[in-house]
file model.cif (mmCIF, C-alpha atoms and all ligand atoms)
data_work
loop_
_atom_site.group_PDB
_atom_site.id
_atom_site.type_symbol
_atom_site.label_atom_id
_atom_site.label_comp_id
_atom_site.auth_asym_id
_atom_site.auth_seq_id
_atom_site.Cartn_x
_atom_site.Cartn_y
_atom_site.Cartn_z
ATOM 1 C CA MET A 11 -77.186 208.775 155.291
ATOM 2 C CA GLN A 12 -75.162 211.889 154.654
ATOM 3 C CA HIS A 13 -76.458 215.342 153.816
ATOM 4 C CA ARG A 14 -74.174 217.742 152.046
ATOM 5 C CA LEU A 15 -75.822 220.824 153.597
ATOM 6 C CA GLU A 16 -75.656 219.310 157.055
ATOM 7 C CA GLU A 17 -71.940 218.786 156.583
ATOM 8 C CA ILE A 18 -71.571 222.387 155.472
ATOM 9 C CA TRP A 19 -73.275 223.941 158.483
ATOM 10 C CA MET A 20 -71.580 221.633 160.957
ATOM 11 C CA THR A 21 -68.224 222.629 159.445
ATOM 12 C CA ILE A 22 -69.112 226.333 159.585
ATOM 13 C CA SER A 23 -70.364 226.063 163.188
ATOM 14 C CA VAL A 24 -67.251 224.306 164.421
ATOM 15 C CA GLY A 25 -65.116 226.621 162.271
ATOM 16 C CA ILE A 26 -66.619 229.759 163.855
ATOM 17 C CA LEU A 27 -65.943 228.434 167.366
ATOM 18 C CA VAL A 28 -62.376 227.465 166.479
ATOM 19 C CA VAL A 29 -61.682 230.884 164.898
ATOM 20 C CA PHE A 30 -63.060 232.715 167.967
ATOM 21 C CA MET A 31 -60.945 230.594 170.297
ATOM 22 C CA ILE A 32 -57.785 231.076 168.225
ATOM 23 C CA ILE A 33 -58.245 234.872 168.189
ATOM 24 C CA ILE A 34 -58.930 235.051 171.948
ATOM 25 C CA GLY A 35 -56.039 232.670 172.690
ATOM 26 C CA TYR A 36 -53.684 234.763 170.562
ATOM 27 C CA GLN A 37 -54.811 237.962 172.309
ATOM 28 C CA THR A 38 -54.389 236.451 175.758
ATOM 29 C CA PHE A 39 -51.108 234.568 175.407
ATOM 30 C CA ALA A 40 -49.282 236.425 172.625
ATOM 31 C CA LEU A 41 -50.509 239.979 173.177
ATOM 32 C CA GLY A 42 -50.926 239.715 176.964
ATOM 33 C CA MET A 43 -54.486 241.022 176.842
ATOM 34 C CA GLY A 44 -55.868 238.626 179.415
ATOM 35 C CA PRO A 45 -58.507 239.424 182.004
ATOM 36 C CA PRO A 46 -57.502 241.023 185.348
ATOM 37 C CA SER A 47 -55.196 238.801 187.363
ATOM 38 C CA HIS A 48 -56.374 237.961 190.922
ATOM 39 C CA SER A 49 -53.330 235.677 191.183
ATOM 40 C CA GLU A 50 -51.923 237.121 194.401
ATOM 41 C CA THR A 51 -53.560 237.009 197.811
ATOM 42 C CA ILE A 52 -53.326 239.235 200.890
ATOM 43 C CA ASP A 53 -54.679 239.239 204.447
ATOM 44 C CA PRO A 54 -57.535 241.792 204.248
ATOM 45 C CA GLN A 55 -57.139 242.581 207.971
ATOM 46 C CA LYS A 56 -53.548 243.750 207.521
ATOM 47 C CA VAL A 57 -53.748 245.529 204.161
ATOM 48 C CA GLU A 58 -52.267 248.768 205.503
ATOM 49 C CA GLN A 59 -49.181 247.048 206.931
ATOM 50 C CA ILE A 60 -48.343 245.036 203.820
ATOM 51 C CA ALA A 61 -46.345 246.515 200.915
ATOM 52 C CA PRO A 62 -47.222 248.064 198.539
ATOM 53 C CA PHE A 63 -50.515 248.925 200.237
ATOM 54 C CA ASP A 64 -48.761 250.559 203.219
ATOM 55 C CA ASP A 65 -48.145 253.472 200.852
ATOM 56 C CA PRO A 66 -51.026 253.880 198.400
ATOM 57 C CA GLY A 67 -50.675 256.433 195.628
ATOM 58 C CA VAL A 68 -49.422 257.101 192.116
ATOM 59 C CA LYS A 69 -45.785 256.169 191.473
ATOM 60 C CA GLU A 70 -43.630 256.575 188.401
ATOM 61 C CA ILE A 71 -41.945 253.206 188.024
ATOM 62 C CA ALA A 72 -40.244 253.787 184.656
ATOM 63 C CA GLU A 73 -40.231 256.287 181.851
ATOM 64 C CA ASN A 74 -43.826 256.883 180.855
ATOM 65 C CA GLU A 75 -44.956 254.049 183.124
ATOM 66 C CA TYR A 76 -46.913 254.481 186.331
ATOM 67 C CA GLU A 77 -48.215 252.269 189.087
ATOM 68 C CA VAL A 78 -51.328 253.210 191.019
ATOM 69 C CA VAL A 79 -51.468 251.368 194.340
ATOM 70 C CA MET A 80 -55.028 251.595 195.553
ATOM 71 C CA ILE A 81 -57.073 250.418 198.511
ATOM 72 C CA LEU A 82 -60.820 250.166 198.049
ATOM 73 C CA GLN A 83 -63.119 250.313 201.041
ATOM 74 C CA SER A 84 -66.715 251.241 201.784
ATOM 75 C CA PHE A 85 -67.309 253.718 200.189
ATOM 76 C CA GLY A 86 -64.234 255.181 198.597
ATOM 77 C CA PHE A 87 -61.010 254.812 196.690
ATOM 78 C CA ASN A 88 -57.640 255.571 198.295
ATOM 79 C CA PRO A 89 -55.970 257.499 196.678
ATOM 80 C CA SER A 90 -58.933 259.422 195.341
ATOM 81 C CA ASN A 91 -57.056 262.076 193.378
ATOM 82 C CA ILE A 92 -55.254 260.247 190.608
ATOM 83 C CA GLU A 93 -53.357 262.163 187.976
ATOM 84 C CA VAL A 94 -51.471 260.530 185.122
ATOM 85 C CA PRO A 95 -50.037 261.841 181.855
ATOM 86 C CA VAL A 96 -51.557 261.152 178.448
ATOM 87 C CA GLY A 97 -50.114 258.110 176.701
ATOM 88 C CA ALA A 98 -48.469 256.657 179.804
ATOM 89 C CA GLU A 99 -48.905 253.023 180.654
ATOM 90 C CA VAL A 100 -50.719 252.850 183.991
ATOM 91 C CA HIS A 101 -50.735 249.711 186.115
ATOM 92 C CA PHE A 102 -53.428 249.588 188.773
ATOM 93 C CA THR A 103 -52.673 247.372 191.783
ATOM 94 C CA MET A 104 -55.736 247.127 193.979
ATOM 95 C CA THR A 105 -57.190 245.327 196.932
ATOM 96 C CA SER A 106 -60.189 245.682 199.229
ATOM 97 C CA LYS A 107 -60.190 246.106 203.000
ATOM 98 C CA ASP A 108 -63.755 245.002 203.547
ATOM 99 C CA VAL A 109 -66.189 243.707 200.944
ATOM 100 C CA THR A 110 -66.073 243.120 197.195
ATOM 101 C CA HIS A 111 -65.897 246.352 195.228
ATOM 102 C CA GLY A 112 -65.714 247.126 191.539
ATOM 103 C CA PHE A 113 -63.308 249.327 189.638
ATOM 104 C CA GLN A 114 -64.704 250.499 186.345
ATOM 105 C CA VAL A 115 -63.817 253.392 184.087
ATOM 106 C CA PRO A 116 -66.739 253.720 181.654
ATOM 107 C CA GLY A 117 -65.728 254.037 178.019
ATOM 108 C CA THR A 118 -62.477 252.131 178.538
ATOM 109 C CA ASN A 119 -61.606 248.470 178.962
ATOM 110 C CA ILE A 120 -60.949 248.990 182.684
ATOM 111 C CA ASN A 121 -63.406 246.847 184.578
ATOM 112 C CA ALA A 122 -62.202 244.814 187.514
ATOM 113 C CA MET A 123 -63.711 243.083 190.506
ATOM 114 C CA VAL A 124 -61.705 243.890 193.624
ATOM 115 C CA MET A 125 -62.184 241.289 196.321
ATOM 116 C CA PRO A 126 -60.911 241.277 199.906
ATOM 117 C CA GLY A 127 -58.010 238.856 200.220
ATOM 118 C CA HIS A 128 -57.011 239.212 196.600
ATOM 119 C CA ILE A 129 -54.690 241.569 194.752
ATOM 120 C CA GLN A 130 -56.143 242.776 191.505
ATOM 121 C CA LYS A 131 -54.022 244.103 188.649
ATOM 122 C CA ILE A 132 -55.121 245.803 185.464
ATOM 123 C CA SER A 133 -53.202 248.013 183.021
ATOM 124 C CA HIS A 134 -54.347 250.758 180.725
ATOM 125 C CA THR A 135 -52.989 253.564 178.558
ATOM 126 C CA PHE A 136 -55.115 256.710 178.449
ATOM 127 C CA LYS A 137 -54.810 258.089 174.928
ATOM 128 C CA GLU A 138 -57.013 261.149 175.426
ATOM 129 C CA PRO A 139 -56.686 263.849 178.108
ATOM 130 C CA GLY A 140 -59.637 264.540 180.351
ATOM 131 C CA ASN A 141 -61.408 263.615 183.544
ATOM 132 C CA TYR A 142 -62.341 259.967 183.638
ATOM 133 C CA LEU A 143 -65.102 258.804 185.924
ATOM 134 C CA VAL A 144 -64.320 255.816 188.146
ATOM 135 C CA ILE A 145 -67.202 253.869 189.619
ATOM 136 C CA CYS A 146 -67.674 250.919 191.923
ATOM 137 C CA ASN A 147 -69.880 248.492 190.025
ATOM 138 C CA GLU A 148 -70.280 245.823 192.699
ATOM 139 C CA TYR A 149 -73.015 246.502 195.218
ATOM 140 C CA CYS A 150 -71.041 247.027 198.450
ATOM 141 C CA GLY A 151 -73.481 248.514 200.954
ATOM 142 C CA ILE A 152 -75.641 251.467 201.861
ATOM 143 C CA GLY A 153 -73.290 254.062 200.317
ATOM 144 C CA HIS A 154 -72.524 252.133 197.158
ATOM 145 C CA GLN A 155 -74.084 254.684 194.820
ATOM 146 C CA ALA A 156 -71.742 257.357 196.204
ATOM 147 C CA MET A 157 -68.597 255.309 195.618
ATOM 148 C CA SER A 158 -66.906 257.078 192.743
ATOM 149 C CA THR A 159 -63.879 259.189 191.937
ATOM 150 C CA THR A 160 -62.084 260.592 188.912
ATOM 151 C CA ILE A 161 -58.794 260.056 187.134
ATOM 152 C CA THR A 162 -57.280 263.178 185.650
ATOM 153 C CA VAL A 163 -55.327 262.595 182.473
ATOM 154 C CA LYS A 164 -53.205 265.540 181.352
ATOM 155 C CA MET B 11 -80.752 196.205 135.720
ATOM 156 C CA GLU B 12 -78.181 197.070 138.327
ATOM 157 C CA THR B 13 -77.812 200.654 137.185
ATOM 158 C CA THR B 14 -81.511 201.347 137.525
ATOM 159 C CA LYS B 15 -81.411 199.927 141.035
ATOM 160 C CA THR B 16 -78.736 202.306 142.178
ATOM 161 C CA LEU B 17 -80.551 205.206 140.571
ATOM 162 C CA LYS B 18 -83.700 204.352 142.466
ATOM 163 C CA THR B 19 -81.921 204.293 145.836
ATOM 164 C CA GLU B 20 -80.225 207.607 145.108
ATOM 165 C CA LYS B 21 -83.412 209.459 144.276
ATOM 166 C CA PRO B 22 -84.997 209.746 147.731
ATOM 167 C CA GLU B 23 -81.692 211.069 149.107
ATOM 168 C CA LYS B 24 -81.779 213.904 146.627
ATOM 169 C CA TYR B 25 -85.262 214.883 147.766
ATOM 170 C CA ASP B 26 -84.032 214.914 151.382
ATOM 171 C CA GLU B 27 -81.209 217.223 150.432
ATOM 172 C CA LYS B 28 -83.617 219.666 148.789
ATOM 173 C CA SER B 29 -85.769 219.801 151.922
ATOM 174 C CA LEU B 30 -82.775 220.974 153.964
ATOM 175 C CA LYS B 31 -82.393 224.226 152.041
ATOM 176 C CA GLY B 32 -84.591 226.195 154.403
ATOM 177 C CA THR B 33 -82.638 224.784 157.322
ATOM 178 C CA ILE B 34 -79.279 225.884 156.013
ATOM 179 C CA VAL B 35 -80.638 229.368 155.322
ATOM 180 C CA SER B 36 -81.904 229.563 158.932
ATOM 181 C CA VAL B 37 -78.658 228.203 160.349
ATOM 182 C CA GLY B 38 -76.740 230.620 158.125
ATOM 183 C CA PHE B 39 -78.827 233.500 159.464
ATOM 184 C CA VAL B 40 -78.093 232.496 163.069
ATOM 185 C CA ALA B 41 -74.397 232.147 162.201
ATOM 186 C CA ALA B 42 -74.395 235.628 160.648
ATOM 187 C CA VAL B 43 -75.992 237.130 163.785
ATOM 188 C CA ILE B 44 -73.403 235.420 166.012
ATOM 189 C CA VAL B 45 -70.477 236.517 163.838
ATOM 190 C CA VAL B 46 -71.700 240.119 163.519
ATOM 191 C CA MET B 47 -72.248 240.455 167.282
ATOM 192 C CA TRP B 48 -68.875 238.893 168.093
ATOM 193 C CA VAL B 49 -67.058 241.126 165.618
ATOM 194 C CA ALA B 50 -68.861 244.225 166.955
ATOM 195 C CA VAL B 51 -67.885 243.510 170.574
ATOM 196 C CA PHE B 52 -64.347 242.608 169.515
ATOM 197 C CA TRP B 53 -64.077 245.855 167.557
ATOM 198 C CA ILE B 54 -65.256 247.939 170.542
ATOM 199 C CA TYR B 55 -62.702 246.201 172.771
ATOM 200 C CA MET B 56 -59.822 246.769 170.336
ATOM 201 C CA GLU B 57 -60.891 250.386 169.839
ATOM 202 C CA ARG B 58 -60.467 250.988 173.580
ATOM 203 C CA VAL B 59 -57.173 249.177 174.153
HETATM 204 CU CU CU C 201 -67.860 249.677 196.490
#
call {"tool": "encode", "arguments": {"input": "model.cif", "output": "structure tokens", "more": "lines below"}}
Ligand SMILES: [Cu+2]
result
Amino acid sequence: MQHRLEEIWMTISVGILVVFMIIIGYQTFALGMGPPSHSETIDPQKVEQIAPFDDPGVKEIAENEYEVVMILQSFGFNPSNIEVPVGAEVHFTMTSKDVTHGFQVPGTNINAMVMPGHIQKISHTFKEPGNYLVICNEYCGIGHQAMSTTITVK
Amino acid sequence: METTKTLKTEKPEKYDEKSLKGTIVSVGFVAAVIVVMWVAVFWIYMERV
């Protein structure tokens, strides 16, 4: 026995799922808007001896393109004074020396889990100048609530 | 004779179809909620890229 209405809602249900998956697939593979990487690993005991983490900081890697090499540890971000120009593409390369930390800039799409042993990469372009708050959003110990810094965009 | 037979078997199916109207409205409502929420989150994400 076939019901016309049943056919309609089954088609719509499957259609919605397929449309969502096509849009997300297009974003990820064609526009490169995938989630943070975690594809590279590192020995968390030797972070400070291994490049690029032997020299953390903000580096201009191309015209209007910056890389921020950052080590996260209880309970801070190194470097903690980050300054980048408006409209520049900023690539964050991060790892943790101890436990899992978070790297979130509220109001933007920057939200990454930074785990010891893994190298985390996330890119962002700040379109508006200002001071952006950076917070650790993974509970990492007794000083977790104090783990924050700012990014200055000029 | 044969035509009346087929008519008789078709009739109960039509009644069944009518009784599904409320269901499709409910399913449509759920679908609308899902689509609206998905589009809203997608819009916020794209706004911040
Ligand atoms: Cu932390």
call {"tool": "resolve_selection", "arguments": {"input": "model.cif", "expression": "the PyMOL selection byres ((chain A) within 7 of (chain B))", "output": "list in words"}}
result
His13, Leu15, Trp19, Thr118 and Asn119 of chain A
call {"tool": "closest_atom_pairs", "arguments": {"input": "model.cif", "of": "chain A", "to": "ligand CU 201 (chain C)", "cutoff": "7 Å", "atoms": "only C-alpha atoms and all ligand atoms", "output": "CSV"}}
result
residue,atom,partner,partner_atom,distance
A:Gln83,CA,C:CU201,CU,6.6
A:Ser84,CA,C:CU201,CU,5.6
A:Phe85,CA,C:CU201,CU,5.5
A:Gly86,CA,C:CU201,CU,6.9
A:Thr110,CA,C:CU201,CU,6.8
A:His111,CA,C:CU201,CU,4.1
A:Gly112,CA,C:CU201,CU,6.0
A:Cys146,CA,C:CU201,CU,4.7
A:Asn147,CA,C:CU201,CU,6.9
A:Glu148,CA,C:CU201,CU,5.9
A:Tyr149,CA,C:CU201,CU,6.2
A:Cys150,CA,C:CU201,CU,4.6
A:His154,CA,C:CU201,CU,5.3
A:Met157,CA,C:CU201,CU,5.7
call {"tool": "resolve_selection", "arguments": {"input": "model.cif", "expression": "the PyMOL selection byres (((chain A and resi 101) around 9) and not hetatm)", "output": "PyMOL selection string"}}
result
chain A and resi 75-79+99-100+102-103+131-135
call {"tool": "axis_aligned_box", "arguments": {"input": "model.cif", "around": "segment 40-44 of chain B", "padding_each_side": "8 Å", "output": "lines of an AutoDock Vina configuration file"}}
result
center_x = -75.7
center_y = 234.6
center_z = 163.3
size_x = 20.7
size_y = 21.0
size_z = 21.4
call {"tool": "atom_distance", "arguments": {"input": "model.cif", "atom1": "atom CA of Val28 of chain A", "atom2": "atom CA of Ala40 of chain A"}}
result
17.0 Å
call {"tool": "residues_near_point", "arguments": {"input": "model.cif", "point": "(-55.8, 243.1, 203.3)", "cutoff": "12 Å", "atoms": "only C-alpha atoms", "output": "number ranges by chain"}}
result
A: 50-64, 80-83, 104-110, 124-130
call {"tool": "atom_distance", "arguments": {"input": "model.cif", "atom1": "atom CA of Gly42 of chain A", "atom2": "atom CA of Gly117 of chain A"}}
result
20.6 Å
call {"tool": "atom_distance", "arguments": {"input": "model.cif", "atom1": "atom CA of Val96 of chain A", "atom2": "atom CA of Pro139 of chain A"}}
result
5.8 Å
call {"tool": "resolve_selection", "arguments": {"input": "model.cif", "expression": "the PyMOL selection byres (((chain A and resi 67) around 8) and not hetatm)", "output": "MDAnalysis selection string"}}
result
chainID A and resid 65:66 68:69 78:80 88:89 92
